[in-house]
>>> print(open('input37.pdb').read())   # PDB, C-alpha atoms
ATOM      1  CA  MET U  10      62.014  97.400  77.921
ATOM      2  CA  ASN U  11      64.785  94.859  78.049
ATOM      3  CA  PRO U  12      67.257  95.997  80.760
ATOM      4  CA  TYR U  13      70.193  95.017  78.579
ATOM      5  CA  VAL U  14      69.323  97.719  76.056
ATOM      6  CA  ALA U  15      70.888 100.213  78.473
ATOM      7  CA  VAL U  16      74.046  98.102  78.696
ATOM      8  CA  PHE U  17      74.135  97.858  74.921
ATOM      9  CA  PHE U  18      73.874 101.645  74.552
ATOM     10  CA  MET U  19      76.628 102.116  77.102
ATOM     11  CA  PHE U  20      78.909  99.934  74.972
ATOM     12  CA  VAL U  21      77.856 101.864  71.857
ATOM     13  CA  PHE U  22      78.553 105.244  73.484
ATOM     14  CA  CYS U  23      81.916 104.047  74.798
ATOM     15  CA  GLY U  24      82.877 102.913  71.323
ATOM     16  CA  VAL U  25      81.655 106.113  69.687
ATOM     17  CA  ILE U  26      83.478 108.372  72.179
ATOM     18  CA  ALA U  27      86.735 106.421  71.939
ATOM     19  CA  GLY U  28      86.498 106.276  68.147
ATOM     20  CA  ALA U  29      85.676 109.982  67.934
ATOM     21  CA  MET U  30      88.742 110.870  70.010
ATOM     22  CA  LEU U  31      91.015 108.840  67.743
ATOM     23  CA  ALA U  32      89.363 110.206  64.596
ATOM     24  CA  MET U  33      89.609 113.813  65.780
ATOM     25  CA  GLY U  34      93.262 113.273  66.625
ATOM     26  CA  SER U  35      94.038 111.985  63.179
ATOM     27  CA  PHE U  36      91.940 114.614  61.338
ATOM     28  CA  LEU U  37      92.807 117.737  63.338
ATOM     29  CA  GLY U  38      96.372 116.992  64.372
ATOM     30  CA  PRO U  39      99.294 118.154  62.231
ATOM     31  CA  ARG U  40     101.127 115.375  60.463
ATOM     32  CA  LYS U  41     104.789 116.116  59.739
ATOM     33  CA  PRO U  42     106.678 112.834  59.687
ATOM     34  CA  ASN U  43     110.453 112.796  59.748
ATOM     35  CA  PRO U  44     112.915 109.894  60.217
ATOM     36  CA  THR U  45     113.446 110.605  63.911
ATOM     37  CA  LYS U  46     109.753 110.503  64.649
ATOM     38  CA  GLU U  47     109.335 107.246  62.771
ATOM     39  CA  GLN U  48     111.787 105.404  65.018
ATOM     40  CA  PRO U  49     110.488 102.922  67.558
ATOM     41  CA  PHE U  50     110.181 104.528  70.932
ATOM     42  CA  GLU U  51     110.820 102.934  74.287
ATOM     43  CA  CYS U  52     110.262 105.432  77.114
ATOM     44  CA  GLY U  53     112.964 107.750  75.839
ATOM     45  CA  MET U  54     115.587 104.992  75.616
ATOM     46  CA  GLU U  55     117.068 103.502  72.510
ATOM     47  CA  PRO U  56     115.334 100.139  72.065
ATOM     48  CA  PHE U  57     118.033  97.519  72.562
ATOM     49  CA  GLN U  58     116.146  94.300  71.806
ATOM     50  CA  LEU U  59     112.925  93.057  70.323
ATOM     51  CA  PRO U  60     110.310  91.945  72.793
ATOM     52  CA  GLY U  61     110.266  88.194  73.025
ATOM     53  CA  GLY U  62     112.222  85.831  75.129
ATOM     54  CA  PRO U  63     111.272  84.886  78.666
ATOM     55  CA  THR U  64     109.799  87.571  80.885
ATOM     56  CA  SER U  65     111.153  88.423  84.286
ATOM     57  CA  VAL U  66     109.645  86.466  87.150
ATOM     58  CA  ARG U  67     108.975  89.796  88.859
ATOM     59  CA  PHE U  68     105.807  90.058  86.777
ATOM     60  CA  TYR U  69     104.669  86.866  88.493
ATOM     61  CA  ILE U  70     104.072  88.611  91.818
ATOM     62  CA  ILE U  71     102.081  91.398  90.209
ATOM     63  CA  GLY U  72     100.109  88.918  88.103
ATOM     64  CA  MET U  73      99.229  86.641  91.017
ATOM     65  CA  LEU U  74      98.272  89.562  93.252
ATOM     66  CA  PHE U  75      96.050  90.895  90.470
ATOM     67  CA  VAL U  76      94.291  87.520  90.307
ATOM     68  CA  LEU U  77      93.717  87.497  94.072
ATOM     69  CA  PHE U  78      92.296  91.014  94.252
ATOM     70  CA  ASP U  79      90.265  90.304  91.131
ATOM     71  CA  VAL U  80      88.563  87.442  92.973
ATOM     72  CA  GLU U  81      87.908  89.874  95.812
ATOM     73  CA  THR U  82      85.907  92.111  93.456
ATOM     74  CA  VAL U  83      83.784  89.097  92.511
ATOM     75  CA  PHE U  84      82.492  89.139  96.096
ATOM     76  CA  LEU U  85      82.167  92.922  96.274
ATOM     77  CA  PHE U  86      79.995  93.086  93.183
ATOM     78  CA  PRO U  87      76.942  91.062  94.409
ATOM     79  CA  TRP U  88      77.246  92.749  97.799
ATOM     80  CA  ALA U  89      76.972  96.156  96.141
ATOM     81  CA  ILE U  90      73.938  94.982  94.159
ATOM     82  CA  VAL U  91      71.873  93.927  97.202
ATOM     83  CA  PHE U  92      73.161  96.417  99.772
ATOM     84  CA  HIS U  93      70.560  99.096  99.045
ATOM     85  CA  LYS U  94      67.804  96.543  99.667
ATOM     86  CA  TYR U  95      69.122  95.628 103.113
ATOM     87  CA  VAL U  96      69.717  99.206 104.236
ATOM     88  CA  THR U  97      65.965  99.776 104.528
ATOM     89  CA  ARG U  98      65.477  96.767 106.854
ATOM     90  CA  PRO U  99      66.201  97.621 110.516
ATOM     91  CA  GLY U 100      69.432  96.068 111.744
ATOM     92  CA  TRP U 101      70.289  94.441 108.442
ATOM     93  CA  GLY U 102      72.145  97.374 106.934
ATOM     94  CA  MET U 103      74.710  97.447 109.724
ATOM     95  CA  PHE U 104      75.004  93.646 109.585
ATOM     96  CA  MET U 105      75.762  93.699 105.860
ATOM     97  CA  LEU U 106      78.239  96.542 106.264
ATOM     98  CA  VAL U 107      80.087  94.816 109.122
ATOM     99  CA  GLU U 108      80.287  91.481 107.353
ATOM    100  CA  MET U 109      81.837  93.078 104.293
ATOM    101  CA  LEU U 110      84.205  95.110 106.494
ATOM    102  CA  VAL U 111      85.353  91.888 108.196
ATOM    103  CA  PHE U 112      85.966  90.340 104.765
ATOM    104  CA  LEU U 113      87.883  93.407 103.628
ATOM    105  CA  ALA U 114      89.838  93.663 106.893
ATOM    106  CA  VAL U 115      91.378  90.230 106.370
ATOM    107  CA  LEU U 116      92.361  91.146 102.813
ATOM    108  CA  ILE U 117      93.683  94.560 103.820
ATOM    109  CA  ALA U 118      95.808  92.806 106.450
ATOM    110  CA  GLY U 119      97.257  90.738 103.609
ATOM    111  CA  TYR U 120      97.732  93.881 101.541
ATOM    112  CA  ILE U 121      99.649  95.605 104.348
ATOM    113  CA  TYR U 122     101.762  92.451 104.797
ATOM    114  CA  LEU U 123     102.801  92.306 101.154
ATOM    115  CA  TRP U 124     103.357  96.056 101.067
ATOM    116  CA  LYS U 125     105.699  95.799 104.066
ATOM    117  CA  ARG U 126     107.473  92.802 102.574
ATOM    118  CA  GLY U 127     108.200  94.924  99.498
ATOM    119  CA  ALA U 128     106.171  92.840  97.047
ATOM    120  CA  LEU U 129     105.081  95.973  95.224
ATOM    121  CA  GLU U 130     108.646  97.245  94.815
ATOM    122  CA  TRP U 131     110.446  96.706  91.526
ATOM    123  CA  GLU U 132     113.750  95.502  92.891
TER     124      GLU U 132
ATOM    125  CA  MET J  14      65.581  88.633  69.117
ATOM    126  CA  ASP J  15      66.843  86.104  71.677
ATOM    127  CA  TYR J  16      67.592  83.556  69.016
ATOM    128  CA  PHE J  17      69.345  86.192  66.917
ATOM    129  CA  LEU J  18      71.569  87.219  69.849
ATOM    130  CA  PHE J  19      72.224  83.600  70.707
ATOM    131  CA  SER J  20      73.218  82.802  67.133
ATOM    132  CA  VAL J  21      75.571  85.759  66.852
ATOM    133  CA  ALA J  22      77.277  85.034  70.177
ATOM    134  CA  ALA J  23      77.476  81.303  69.525
ATOM    135  CA  ILE J  24      78.913  81.711  66.022
ATOM    136  CA  ILE J  25      81.539  84.205  67.208
ATOM    137  CA  ALA J  26      82.412  81.882  70.103
ATOM    138  CA  VAL J  27      82.884  78.871  67.838
ATOM    139  CA  VAL J  28      84.809  80.779  65.165
ATOM    140  CA  SER J  29      87.191  82.350  67.672
ATOM    141  CA  ALA J  30      87.597  78.983  69.435
ATOM    142  CA  VAL J  31      88.716  77.492  66.128
ATOM    143  CA  LEU J  32      91.030  80.475  65.597
ATOM    144  CA  VAL J  33      92.585  79.798  69.019
ATOM    145  CA  ILE J  34      93.921  76.436  67.887
ATOM    146  CA  VAL J  35      95.038  77.391  64.376
ATOM    147  CA  GLN J  36      97.209  80.385  65.332
ATOM    148  CA  ARG J  37     100.976  80.048  65.036
ATOM    149  CA  ASN J  38     101.602  82.788  67.583
ATOM    150  CA  PRO J  39     100.402  81.747  71.061
ATOM    151  CA  MET J  40      99.731  85.395  71.954
ATOM    152  CA  HIS J  41      97.137  85.608  69.178
ATOM    153  CA  SER J  42      95.583  82.384  70.477
ATOM    154  CA  ALA J  43      95.234  83.998  73.898
ATOM    155  CA  LEU J  44      93.497  87.038  72.402
ATOM    156  CA  TYR J  45      91.027  84.849  70.503
ATOM    157  CA  LEU J  46      90.395  82.893  73.689
ATOM    158  CA  ILE J  47      89.307  86.161  75.358
ATOM    159  CA  ILE J  48      86.742  86.679  72.583
ATOM    160  CA  THR J  49      85.448  83.133  73.095
ATOM    161  CA  LEU J  50      85.110  83.668  76.845
ATOM    162  CA  LEU J  51      83.250  86.974  76.369
ATOM    163  CA  CYS J  52      80.815  85.350  73.942
ATOM    164  CA  ILE J  53      80.176  82.571  76.448
ATOM    165  CA  ALA J  54      79.381  85.286  78.999
ATOM    166  CA  VAL J  55      76.687  86.549  76.612
ATOM    167  CA  LEU J  56      75.243  83.026  76.464
ATOM    168  CA  TYR J  57      75.147  82.895  80.276
ATOM    169  CA  LEU J  58      73.271  86.200  80.305
ATOM    170  CA  GLN J  59      70.688  84.731  77.957
ATOM    171  CA  LEU J  60      70.178  81.873  80.393
ATOM    172  CA  SER J  61      69.422  84.490  83.115
ATOM    173  CA  ALA J  62      72.636  83.556  84.936
ATOM    174  CA  GLN J  63      73.853  87.117  85.395
ATOM    175  CA  PHE J  64      76.187  86.297  88.253
ATOM    176  CA  VAL J  65      77.914  83.560  86.286
ATOM    177  CA  ALA J  66      78.195  85.942  83.335
ATOM    178  CA  ALA J  67      79.825  88.626  85.475
ATOM    179  CA  VAL J  68      82.192  86.097  87.032
ATOM    180  CA  GLN J  69      82.999  84.766  83.570
ATOM    181  CA  VAL J  70      84.130  88.236  82.498
ATOM    182  CA  ILE J  71      85.890  89.196  85.737
ATOM    183  CA  VAL J  72      87.596  85.920  86.574
ATOM    184  CA  TYR J  73      88.002  84.037  83.311
ATOM    185  CA  ALA J  74      88.523  86.845  80.792
ATOM    186  CA  GLY J  75      90.453  88.814  83.438
ATOM    187  CA  ALA J  76      92.297  86.753  85.993
ATOM    188  CA  ILE J  77      92.685  83.372  84.296
ATOM    189  CA  MET J  78      93.860  85.052  81.098
ATOM    190  CA  VAL J  79      96.540  86.859  83.092
ATOM    191  CA  LEU J  80      97.844  83.484  84.205
ATOM    192  CA  PHE J  81      97.735  82.155  80.629
ATOM    193  CA  LEU J  82      99.578  85.211  79.319
ATOM    194  CA  PHE J  83     102.104  84.960  82.109
ATOM    195  CA  VAL J  84     102.954  81.366  81.277
ATOM    196  CA  LEU J  85     103.183  82.285  77.585
ATOM    197  CA  MET J  86     105.538  85.163  78.316
ATOM    198  CA  LEU J  87     107.625  83.043  80.649
ATOM    199  CA  LEU J  88     108.367  80.678  77.765
ATOM    200  CA  ASP J  89     110.839  81.712  75.123
ATOM    201  CA  GLN J  90     108.696  82.262  72.059
ATOM    202  CA  GLU J  91     111.545  83.062  69.727
ATOM    203  CA  ASN J  92     113.181  79.658  70.157
ATOM    204  CA  PRO J  93     110.467  77.101  70.913
ATOM    205  CA  ILE J  94     111.782  73.757  72.053
ATOM    206  CA  ASP J  95     111.051  71.311  69.259
ATOM    207  CA  THR J  96     111.060  67.954  70.932
ATOM    208  CA  PRO J  97     108.856  65.155  69.607
ATOM    209  CA  SER J  98     105.598  65.038  71.486
ATOM    210  CA  THR J  99     105.471  62.563  74.318
ATOM    211  CA  LEU J 100     101.675  62.412  74.095
ATOM    212  CA  ARG J 101     101.547  60.039  71.136
ATOM    213  CA  TYR J 102      98.063  58.730  71.791
ATOM    214  CA  GLN J 103      96.608  62.148  72.485
ATOM    215  CA  ASN J 104      95.227  62.901  69.025
ATOM    216  CA  PRO J 105      93.353  59.622  68.370
ATOM    217  CA  VAL J 106      92.004  59.539  71.927
ATOM    218  CA  ALA J 107      90.907  63.165  71.677
ATOM    219  CA  ALA J 108      89.176  62.469  68.357
ATOM    220  CA  VAL J 109      87.228  59.531  69.802
ATOM    221  CA  MET J 110      86.280  61.467  72.920
ATOM    222  CA  GLY J 111      85.187  64.488  70.888
ATOM    223  CA  LEU J 112      83.087  62.310  68.611
ATOM    224  CA  LEU J 113      81.410  60.675  71.609
ATOM    225  CA  LEU J 114      80.636  64.076  73.088
ATOM    226  CA  LEU J 115      79.201  65.278  69.777
ATOM    227  CA  VAL J 116      76.945  62.203  69.493
ATOM    228  CA  GLU J 117      75.801  62.740  73.063
ATOM    229  CA  LEU J 118      75.015  66.394  72.442
ATOM    230  CA  LEU J 119      73.114  65.635  69.243
ATOM    231  CA  PHE J 120      71.158  62.872  70.973
ATOM    232  CA  LEU J 121      70.220  65.128  73.886
ATOM    233  CA  SER J 122      69.330  68.120  71.748
ATOM    234  CA  ALA J 123      67.111  65.939  69.566
ATOM    235  CA  ARG J 124      65.125  64.778  72.599
ATOM    236  CA  ALA J 125      65.209  67.693  75.002
ATOM    237  CA  GLN J 126      62.707  70.514  75.201
ATOM    238  CA  PRO J 127      64.194  74.014  75.112
ATOM    239  CA  PRO J 128      64.547  75.340  78.668
ATOM    240  CA  ALA J 129      61.748  77.550  79.912
ATOM    241  CA  VAL J 130      64.151  80.474  80.238
ATOM    242  CA  LEU J 131      64.720  80.566  76.516
ATOM    243  CA  THR J 132      61.059  80.308  75.606
ATOM    244  CA  SER J 133      59.640  82.677  78.222
ATOM    245  CA  GLY J 134      61.553  85.616  76.748
ATOM    246  CA  ALA J 135      62.926  88.743  78.446
ATOM    247  CA  PRO J 136      65.892  87.120  80.187
ATOM    248  CA  GLY J 137      67.173  88.901  83.226
ATOM    249  CA  SER J 138      63.876  90.568  84.038
ATOM    250  CA  SER J 139      63.274  88.233  86.987
ATOM    251  CA  PRO J 140      65.357  89.140  90.065
ATOM    252  CA  GLY J 141      64.162  86.045  91.924
ATOM    253  CA  PHE J 142      65.589  83.656  89.375
ATOM    254  CA  PRO J 143      68.215  81.338  90.920
ATOM    255  CA  GLY J 144      71.015  82.601  88.704
ATOM    256  CA  SER J 145      70.408  86.302  89.229
ATOM    257  CA  VAL J 146      72.903  88.405  91.146
ATOM    258  CA  GLU J 147      70.312  89.215  93.822
ATOM    259  CA  SER J 148      69.527  85.619  94.707
ATOM    260  CA  VAL J 149      73.198  84.612  94.698
ATOM    261  CA  ALA J 150      74.069  87.578  96.907
ATOM    262  CA  GLU J 151      71.228  86.972  99.337
ATOM    263  CA  SER J 152      72.225  83.399 100.046
ATOM    264  CA  MET J 153      75.928  84.278 100.058
ATOM    265  CA  PHE J 154      75.632  87.042 102.640
ATOM    266  CA  THR J 155      73.015  85.461 104.910
ATOM    267  CA  ARG J 156      72.915  81.681 104.838
ATOM    268  CA  TYR J 157      76.484  81.063 103.677
ATOM    269  CA  LEU J 158      78.004  83.962 105.599
ATOM    270  CA  PHE J 159      80.649  81.902 107.374
ATOM    271  CA  PRO J 160      82.034  80.262 104.202
ATOM    272  CA  PHE J 161      82.078  83.720 102.620
ATOM    273  CA  GLU J 162      84.192  85.114 105.455
ATOM    274  CA  LEU J 163      86.460  82.077 105.255
ATOM    275  CA  THR J 164      87.050  82.867 101.589
ATOM    276  CA  SER J 165      88.914  85.994 102.643
ATOM    277  CA  VAL J 166      91.273  83.807 104.685
ATOM    278  CA  LEU J 167      91.759  81.625 101.608
ATOM    279  CA  LEU J 168      92.692  84.692  99.560
ATOM    280  CA  LEU J 169      95.032  85.787 102.356
ATOM    281  CA  ILE J 170      96.765  82.400 102.195
ATOM    282  CA  GLY J 171      97.155  82.933  98.468
ATOM    283  CA  MET J 172      98.803  86.328  99.002
ATOM    284  CA  VAL J 173     101.217  84.972 101.598
ATOM    285  CA  GLY J 174     101.980  82.043  99.309
ATOM    286  CA  VAL J 175     102.876  84.360  96.434
ATOM    287  CA  ILE J 176     105.256  86.336  98.614
ATOM    288  CA  VAL J 177     106.904  83.263 100.112
ATOM    289  CA  LEU J 178     107.363  81.568  96.738
ATOM    290  CA  ALA J 179     108.468  84.560  94.707
ATOM    291  CA  LYS J 180     110.442  86.578  97.227
ATOM    292  CA  ARG J 181     112.676  83.733  98.304
ATOM    293  CA  LYS J 182     114.382  83.492  94.951
ATOM    294  CA  LEU J 183     114.845  87.191  94.303
TER     295      LEU J 183
END
>>> encode(input="input37.pdb", output="structure tokens")
Amino acid sequence: MNPYVAVFFMFVFCGVIAGAMLAMGSFLGPRKPNPTKEQPFECGMEPFQLPGGPTSVRFYIIGMLFVLFDVETVFLFPWAIVFHKYVTRPGWGMFMLVEMLVFLAVLIAGYIYLWKRGALEWE
Amino acid sequence: MDYFLFSVAAIIAVVSAVLVIVQRNPMHSALYLIITLLCIAVLYLQLSAQFVAAVQVIVYAGAIMVLFLFVLMLLDQENPIDTPSTLRYQNPVAAVMGLLLLVELLFLSARAQPPAVLTSGAPGSSPGFPGSVESVAESMFTRYLFPFELTSVLLLIGMVGVIVLAKRKL
């Protein structure tokens, strides 16, 4: 059987479950609209402007850090795929584990640095 | 089945690529670009390049799109600056270049044999294929171990660079 059939069914099940949740919410939930409920809602505050306009540069830090850690997962993913194969070979399992831990240690050092510098704070 | 999947993915990719350039709202263009990139990932899968497909989804549809969206949101979309374009020769040059590329593609596709991957069927069933995740991982973590470890330093430099650039101004 084509191995992608399983992936396809996973997508189908995800779609069906998410769609079923939304459908059940709209069928079973009570629907009593009133003018207050129809108002736009912004985390409990009165919305004071339409979204648009330039965004704060503070999103830049979060965006760039997301990109960097996203690239990190690109390396974790093939490692996770082949790790089980190397565990059975004597000596190789520990080698693979240590090499990934070295890779992660450098990145975690960077993570601690930017945490201490307050890059994750919304100041 | 392969040709059916290829046709569906290719048609969606081309249609959404056209939709990217005809949208008035740049945000909608970005969303259509994500669809194009995901369809290209399907095409990579059909060529048995699973690693490239995964990277296409993780890096291009994920990380690169974040950068695109960030630049879009940094610009004021309500009041776009309407200066006359300084790239006056861009359109004719682009048309000539595109036409040349099209001729080249047609010429090559008329001569070339379809790759063995497409004709052998059952893509992805061969773990030893050069594009599979296993073969990429095996050479990455054994033969090219040192460059792989250096990559973490490169990412670290990126992190420090973000902090230095962004924190100075705040």
>>> closest_atom_pairs(input="input37.pdb", of="chain J", to="chain U", cutoff="7 Å", atoms="only C-alpha atoms", output="JSON lines")
{"residue": "J:Val68", "atom": "CA", "partner": "U:Val83", "partner_atom": "CA", "distance": 6.4}
{"residue": "J:Val72", "atom": "CA", "partner": "U:Val80", "partner_atom": "CA", "distance": 6.6}
{"residue": "J:Ala76", "atom": "CA", "partner": "U:Val76", "partner_atom": "CA", "distance": 4.8}
{"residue": "J:Val79", "atom": "CA", "partner": "U:Gly72", "partner_atom": "CA", "distance": 6.5}
{"residue": "J:Met86", "atom": "CA", "partner": "U:Thr64", "partner_atom": "CA", "distance": 5.5}
{"residue": "J:Leu87", "atom": "CA", "partner": "U:Pro63", "partner_atom": "CA", "distance": 4.5}
{"residue": "J:Leu88", "atom": "CA", "partner": "U:Pro63", "partner_atom": "CA", "distance": 5.2}
{"residue": "J:Asp89", "atom": "CA", "partner": "U:Gly62", "partner_atom": "CA", "distance": 4.3}
{"residue": "J:Gln90", "atom": "CA", "partner": "U:Gly62", "partner_atom": "CA", "distance": 5.9}
{"residue": "J:Glu91", "atom": "CA", "partner": "U:Gly62", "partner_atom": "CA", "distance": 6.1}
{"residue": "J:Ala135", "atom": "CA", "partner": "U:Asn11", "partner_atom": "CA", "distance": 6.4}
{"residue": "J:Val146", "atom": "CA", "partner": "U:Pro87", "partner_atom": "CA", "distance": 5.8}
{"residue": "J:Glu147", "atom": "CA", "partner": "U:Val91", "partner_atom": "CA", "distance": 6.0}
{"residue": "J:Ala150", "atom": "CA", "partner": "U:Pro87", "partner_atom": "CA", "distance": 5.2}
{"residue": "J:Glu162", "atom": "CA", "partner": "U:Phe112", "partner_atom": "CA", "distance": 5.6}
{"residue": "J:Ser165", "atom": "CA", "partner": "U:Phe112", "partner_atom": "CA", "distance": 5.7}
{"residue": "J:Val166", "atom": "CA", "partner": "U:Val115", "partner_atom": "CA", "distance": 6.6}
{"residue": "J:Leu168", "atom": "CA", "partner": "U:Leu77", "partner_atom": "CA", "distance": 6.2}
{"residue": "J:Leu169", "atom": "CA", "partner": "U:Gly119", "partner_atom": "CA", "distance": 5.6}
{"residue": "J:Met172", "atom": "CA", "partner": "U:Gly119", "partner_atom": "CA", "distance": 6.6}
{"residue": "J:Val175", "atom": "CA", "partner": "U:Ile70", "partner_atom": "CA", "distance": 6.4}
{"residue": "J:Ile176", "atom": "CA", "partner": "U:Ala128", "partner_atom": "CA", "distance": 6.8}
{"residue": "J:Ala179", "atom": "CA", "partner": "U:Ile70", "partner_atom": "CA", "distance": 6.6}
>>> axis_aligned_box(input="input37.pdb", around="stretch 39-42 of chain J", padding_each_side="6 Å", output="lines of an AutoDock Vina configuration file")
center_x = 98.0
center_y = 83.7
center_z = 70.6
size_x = 16.8
size_y = 15.9
size_z = 14.8
>>> atom_distance(input="input37.pdb", atom1="atom CA of J:Leu114", atom2="atom CA of J:Gly75")
28.6 Å
>>> atom_distance(input="input37.pdb", atom1="atom CA of U:Arg40", atom2="atom CA of U:Ala27")
20.5 Å
>>> resolve_selection(input="input37.pdb", expression="the PyMOL selection byres ((chain J and resi 48-56) around 6)", output="ChimeraX atom specification")
/J:22,26,29-30,45-47,57-59,66,69
>>> atom_distance(input="input37.pdb", atom1="atom CA of J:Ala67", atom2="atom CA of J:Phe154")
17.7 Å
>>> residues_around(input="input37.pdb", residues="J:Met40", least_positions_apart="3", cutoff="9 Å", atoms="only C-alpha atoms", output="list in words")
Gln36, Arg37, Ala43, Leu44, Tyr45, Leu82, Leu85 and Met86 of chain J
>>> decode(input="input37.pdb", residues="stretch 95-115 of chain J", atoms="N, CA and C atoms", output="mmCIF file, in the first residue's frame")
data_model
loop_
_atom_site.group_PDB
_atom_site.id
_atom_site.type_symbol
_atom_site.label_atom_id
_atom_site.label_comp_id
_atom_site.auth_asym_id
_atom_site.auth_seq_id
_atom_site.Cartn_x
_atom_site.Cartn_y
_atom_site.Cartn_z
ATOM 1 N N ASP J 95 2.346 56.127 -3.485
ATOM 2 C CA ASP J 95 2.058 55.965 -4.908
ATOM 3 C C ASP J 95 3.059 56.750 -5.744
ATOM 4 N N THR J 96 4.298 56.359 -5.663
ATOM 5 C CA THR J 96 5.281 57.020 -6.511
ATOM 6 C C THR J 96 5.374 56.268 -7.835
ATOM 7 N N PRO J 97 5.725 56.968 -8.914
ATOM 8 C CA PRO J 97 5.929 56.253 -10.178
ATOM 9 C C PRO J 97 7.086 55.278 -10.053
ATOM 10 N N SER J 98 6.899 54.119 -10.683
ATOM 11 C CA SER J 98 7.886 53.058 -10.533
ATOM 12 C C SER J 98 9.221 53.477 -11.130
ATOM 13 N N THR J 99 10.275 53.178 -10.393
ATOM 14 C CA THR J 99 11.605 53.493 -10.909
ATOM 15 C C THR J 99 12.135 52.384 -11.809
ATOM 16 N N LEU J 100 11.439 51.236 -11.819
ATOM 17 C CA LEU J 100 11.887 50.110 -12.629
ATOM 18 C C LEU J 100 11.140 50.147 -13.963
ATOM 19 N N ARG J 101 11.509 51.095 -14.827
ATOM 20 C CA ARG J 101 10.733 51.305 -16.042
ATOM 21 C C ARG J 101 10.891 50.150 -17.026
ATOM 22 N N TYR J 102 12.089 49.572 -17.047
ATOM 23 C CA TYR J 102 12.345 48.528 -18.032
ATOM 24 C C TYR J 102 11.989 47.151 -17.500
ATOM 25 N N GLN J 103 11.415 47.107 -16.296
ATOM 26 C CA GLN J 103 11.205 45.800 -15.678
ATOM 27 C C GLN J 103 10.214 44.952 -16.472
ATOM 28 N N ASN J 104 9.081 45.532 -16.860
ATOM 29 C CA ASN J 104 8.056 44.730 -17.517
ATOM 30 C C ASN J 104 8.497 44.159 -18.854
ATOM 31 N N PRO J 105 9.042 44.965 -19.795
ATOM 32 C CA PRO J 105 9.490 44.354 -21.052
ATOM 33 C C PRO J 105 10.588 43.325 -20.849
ATOM 34 N N VAL J 106 11.542 43.610 -19.957
ATOM 35 C CA VAL J 106 12.631 42.661 -19.731
ATOM 36 C C VAL J 106 12.078 41.371 -19.145
ATOM 37 N N ALA J 107 11.145 41.504 -18.201
ATOM 38 C CA ALA J 107 10.556 40.312 -17.588
ATOM 39 C C ALA J 107 9.798 39.498 -18.626
ATOM 40 N N ALA J 108 9.104 40.172 -19.541
ATOM 41 C CA ALA J 108 8.350 39.454 -20.571
ATOM 42 C C ALA J 108 9.287 38.664 -21.467
ATOM 43 N N VAL J 109 10.400 39.277 -21.884
ATOM 44 C CA VAL J 109 11.352 38.591 -22.752
ATOM 45 C C VAL J 109 11.967 37.401 -22.028
ATOM 46 N N MET J 110 12.377 37.634 -20.782
ATOM 47 C CA MET J 110 12.986 36.557 -20.002
ATOM 48 C C MET J 110 12.015 35.398 -19.810
ATOM 49 N N GLY J 111 10.761 35.724 -19.481
ATOM 50 C CA GLY J 111 9.757 34.688 -19.267
ATOM 51 C C GLY J 111 9.507 33.895 -20.532
ATOM 52 N N LEU J 112 9.488 34.584 -21.659
ATOM 53 C CA LEU J 112 9.264 33.912 -22.940
ATOM 54 C C LEU J 112 10.420 32.962 -23.252
ATOM 55 N N LEU J 113 11.648 33.433 -22.981
ATOM 56 C CA LEU J 113 12.820 32.586 -23.207
ATOM 57 C C LEU J 113 12.739 31.324 -22.352
ATOM 58 N N LEU J 114 12.369 31.517 -21.085
ATOM 59 C CA LEU J 114 12.274 30.379 -20.177
ATOM 60 C C LEU J 114 11.216 29.392 -20.655
ATOM 61 N N LEU J 115 10.089 29.932 -21.136
ATOM 62 C CA LEU J 115 9.009 29.068 -21.621
ATOM 63 C C LEU J 115 9.472 28.253 -22.822
#
